[in-house]
2 protein chains.
Amino acid sequence: LLLRDVGESGLLLLIERHFAKADTPGVLVSIGDDAAVLTRVSPSAVLSTDMLVEGVDFDFSWASFADVGHKAASANLSDLAAMGARPRCLLLALGLRPDDRVTDVLELVSSLAETGRRFGAPLVGGDLSRVLGPLIVAVTVVGEAEPKRTFRRRHARPGDVILVSGTLGAAALGLALLGAGRHTPHSVTRRQLRPEPQVKLGLALARWGRVTSAADISDGLSRDALHLASPGCGVELDVSRLPIAADVARVAEELSMSAIDLALSGGEDFELVLAVRPADVEAAVRRAASLGVALTPVGRVVARPGLHVLGQRGRSPARGFDHFRRP
Amino acid sequence: LLLRDVGESGLLLLIERHFAKADTPGVLVSIGDDAAVLTRVSPSAVLSTDMLVEGVDFDFSWASFADVGHKAASANLSDLAAMGARPRCLLLALGLRPDDRVTDVLELVSSLAETGRRFGAPLVGGDLSRVLGPLIVAVTVVGEAEPKRTFRRRHARPGDVILVSGTLGAAALGLALLGAGRHTPHSVTRRQLRPEPQVKLGLALARWGRVTSAADISDGLSRDALHLASPGCGVELDVSRLPIAADVARVAEELSMSAIDLALSGGEDFELVLAVRPADVEAAVRRAASLGVALTPVGRVVARPGLHVLGQRGRSPARGFDHFRRP
């Protein structure tokens, strides 16, 4: 069954059940009206939007529609994690082709909605468009936060220690594996297909109140860590301290790839990179550990502008991803 | 100068000035962080998203990049008008090609931002993606409203009078003109290229508090008016009462098109269609008039389900737009 067989109105009827019901706490109006209405977003609304494009951000030769739905939700939720905000809802704008299969679209929507719900952000609205080209998934997430507690970029000062959650490089290595037609090891490819946003960690650290700056790792550590430094300051990263999972190290070696380059420049790990004063490092690590998340010191903010990578024996770190430049 | 010459980071620097500054009232964090932060969205957040696709929703053979930016903002703002909500900010996700011209993209963003600002909704965040296909403009609008005062669909009861703001059919006729390479008369093509959302009218009527149901006209009156009727009820429209501007009537006749069909089924007029109790019609019309907006009674809600068109001499009204069905 294709979209052209059921039409836009038929598809709407089919996807409706993946949207928040009117009796969902905090949701006054969901799908089916001109706009959605969330009750009391308090005290501040935190907003982010992300567009995933077939052939650029994902490819159906290696990702399922459910993978794409999950990743679209996760990428947005990760932005809220990086602010220390609490997710409240998702909006989904889909660009689809008349010859897309109804079951595929339902899989995407259901997976996206399920991931949102799991993090407290039911799907409450959206838009369907026809695209004569690659499939488009544009998601907006709305959250709430105490403004004084939100993590800002560019607020860390020289001396602040830079910490990274979880492990790095798996998403980029997973992409290399999937691109080469390999779906194993799952522990690695799963990090590309099913990234988990660090929403709980962000919320716990926002409550704690001692993070000086934070961002999520979507473009690669070497690029995203730089976002933490106050204007005029820089960032020093120590490659010997990068948290690299054993499976990533092993598979990278097999493929003659540098696990360090993957950890420094690989995007889409959706971990948090954050800064705290040196005296707060231990407490930060302990708080993360109580949620089952490793937090590893990987460098510090320095007065000298730019990125300084220690222990890399003369190699300059690969740059992060730029959508429009020639590679 | 093309996007591939300046890169994503270069484009970001260039479009930054079209986003809200950090000192904009109600905007704590704008472009440049992981998410935007709006202070106290009160008491409820009203949310809508819309995706415009090149070749489907607009075509650069007849629309400028500035037109597209304006229309993307207007379509979203119109959804808030249909809820009686106050716009607070816009988010913009753009799918662009490396060979798009920088000046074109700046024109689009600046026009979108200007329209948003004019209605109280500065641009506060977004995302840039590469698309190998048609240009994509996905906009999300965030507004605020008193929940009890928001207009809902499907809440009008039999006997309620249906009113329409402004005049109908111009946007669809404008599309026909532009598609045929004609940019005149401007009074008509402008309604397609530069639709104005009825935000002020929506807010004024929400304050008044006597509207029983409302929607905006994006898919055509015959389709959107049906949204007002309570479940199990229907809508009766009287074609002799449709507000059709003199220029639309004249040009439609020239082109051997039916002005009535355009007014009934033409989409994208972005007028409001709303229902009030019969005793409130006069007061509604007076309130709209005080804003310089005509409000015309065009029918009523009836107990019989479905759409009933009076005075159409046997012709069934053309259907609204469906993205995926064969025409």
# chains A, B, ... in the order shown; residues from 1 in each chain; ligands from 1
call {"tool": "residues_around", "arguments": {"residues": "stretch 109-113 of chain A", "least_positions_apart": "6", "cutoff": "6 Å", "atoms": "only C-alpha atoms", "output": "ChimeraX atom specification"}}
result
/A:18,66,69-70,73,123
call {"tool": "write_last_selection", "arguments": {"atoms": "N, CA, C and O atoms", "output": "mmCIF file, in the first residue's frame"}}
result
data_model
loop_
_atom_site.group_PDB
_atom_site.id
_atom_site.type_symbol
_atom_site.label_atom_id
_atom_site.label_comp_id
_atom_site.auth_asym_id
_atom_site.auth_seq_id
_atom_site.Cartn_x
_atom_site.Cartn_y
_atom_site.Cartn_z
ATOM 1 N N HIS A 18 -0.342 7.637 16.922
ATOM 2 C CA HIS A 18 1.004 7.814 17.478
ATOM 3 C C HIS A 18 1.181 9.187 18.117
ATOM 4 O O HIS A 18 2.229 9.487 18.680
ATOM 5 N N ALA A 66 12.349 2.923 10.923
ATOM 6 C CA ALA A 66 12.272 3.064 12.385
ATOM 7 C C ALA A 66 13.557 3.682 12.931
ATOM 8 O O ALA A 66 13.522 4.507 13.849
ATOM 9 N N GLY A 69 13.344 7.448 12.299
ATOM 10 C CA GLY A 69 12.433 8.107 13.238
ATOM 11 C C GLY A 69 13.083 8.281 14.603
ATOM 12 O O GLY A 69 13.027 9.358 15.205
ATOM 13 N N HIS A 70 13.735 7.205 15.061
ATOM 14 C CA HIS A 70 14.411 7.273 16.353
ATOM 15 C C HIS A 70 15.496 8.342 16.352
ATOM 16 O O HIS A 70 15.599 9.154 17.277
ATOM 17 N N ALA A 73 14.270 11.971 16.438
ATOM 18 C CA ALA A 73 13.858 12.363 17.786
ATOM 19 C C ALA A 73 15.086 12.571 18.668
ATOM 20 O O ALA A 73 15.196 13.571 19.386
ATOM 21 N N LEU A 123 4.550 13.212 20.769
ATOM 22 C CA LEU A 123 4.348 13.891 19.491
ATOM 23 C C LEU A 123 2.988 14.587 19.544
ATOM 24 O O LEU A 123 1.980 13.953 19.819
#
call {"tool": "residues_around", "arguments": {"residues": "A:Asp127", "least_positions_apart": "2", "cutoff": "9 Å", "atoms": "only C-alpha atoms", "output": "list in words"}}
result
Leu91, Leu92, Ala93, Leu94, Gly95, Gly125 and Ser129 of chain A; Ser48, Thr49, Asp50 and Met51 of chain B
call {"tool": "residues_around", "arguments": {"residues": "B:Ala36", "least_positions_apart": "6", "cutoff": "12 Å", "atoms": "only C-alpha atoms", "output": "PyMOL selection string"}}
result
(chain A and resi 44-49+79-80+82-83+85+140-145+147+150-153) or (chain B and resi 19-22+26-30+89-92+122-127+142)
call {"tool": "atom_distance", "arguments": {"atom1": "atom CA of B:Leu163", "atom2": "atom CA of B:Val281"}}
result
8.3 Å
call {"tool": "closest_residue", "arguments": {"among": "B:Arg88, B:Lys200, B:Arg17, B:His227", "to": "B:Leu38", "atoms": "only C-alpha atoms"}}
result
B:Arg88
call {"tool": "residues_around", "arguments": {"residues": "B:Ala249", "least_positions_apart": "6", "cutoff": "12 Å", "atoms": "only C-alpha atoms", "output": "PyMOL selection string"}}
result
chain B and resi 167-170+173+188+242-243+255-263
call {"tool": "closest_residue", "arguments": {"among": "A:Ala206, A:Ile217, A:Phe324, A:Leu96", "to": "chain B", "atoms": "only C-alpha atoms"}}
result
A:Phe324
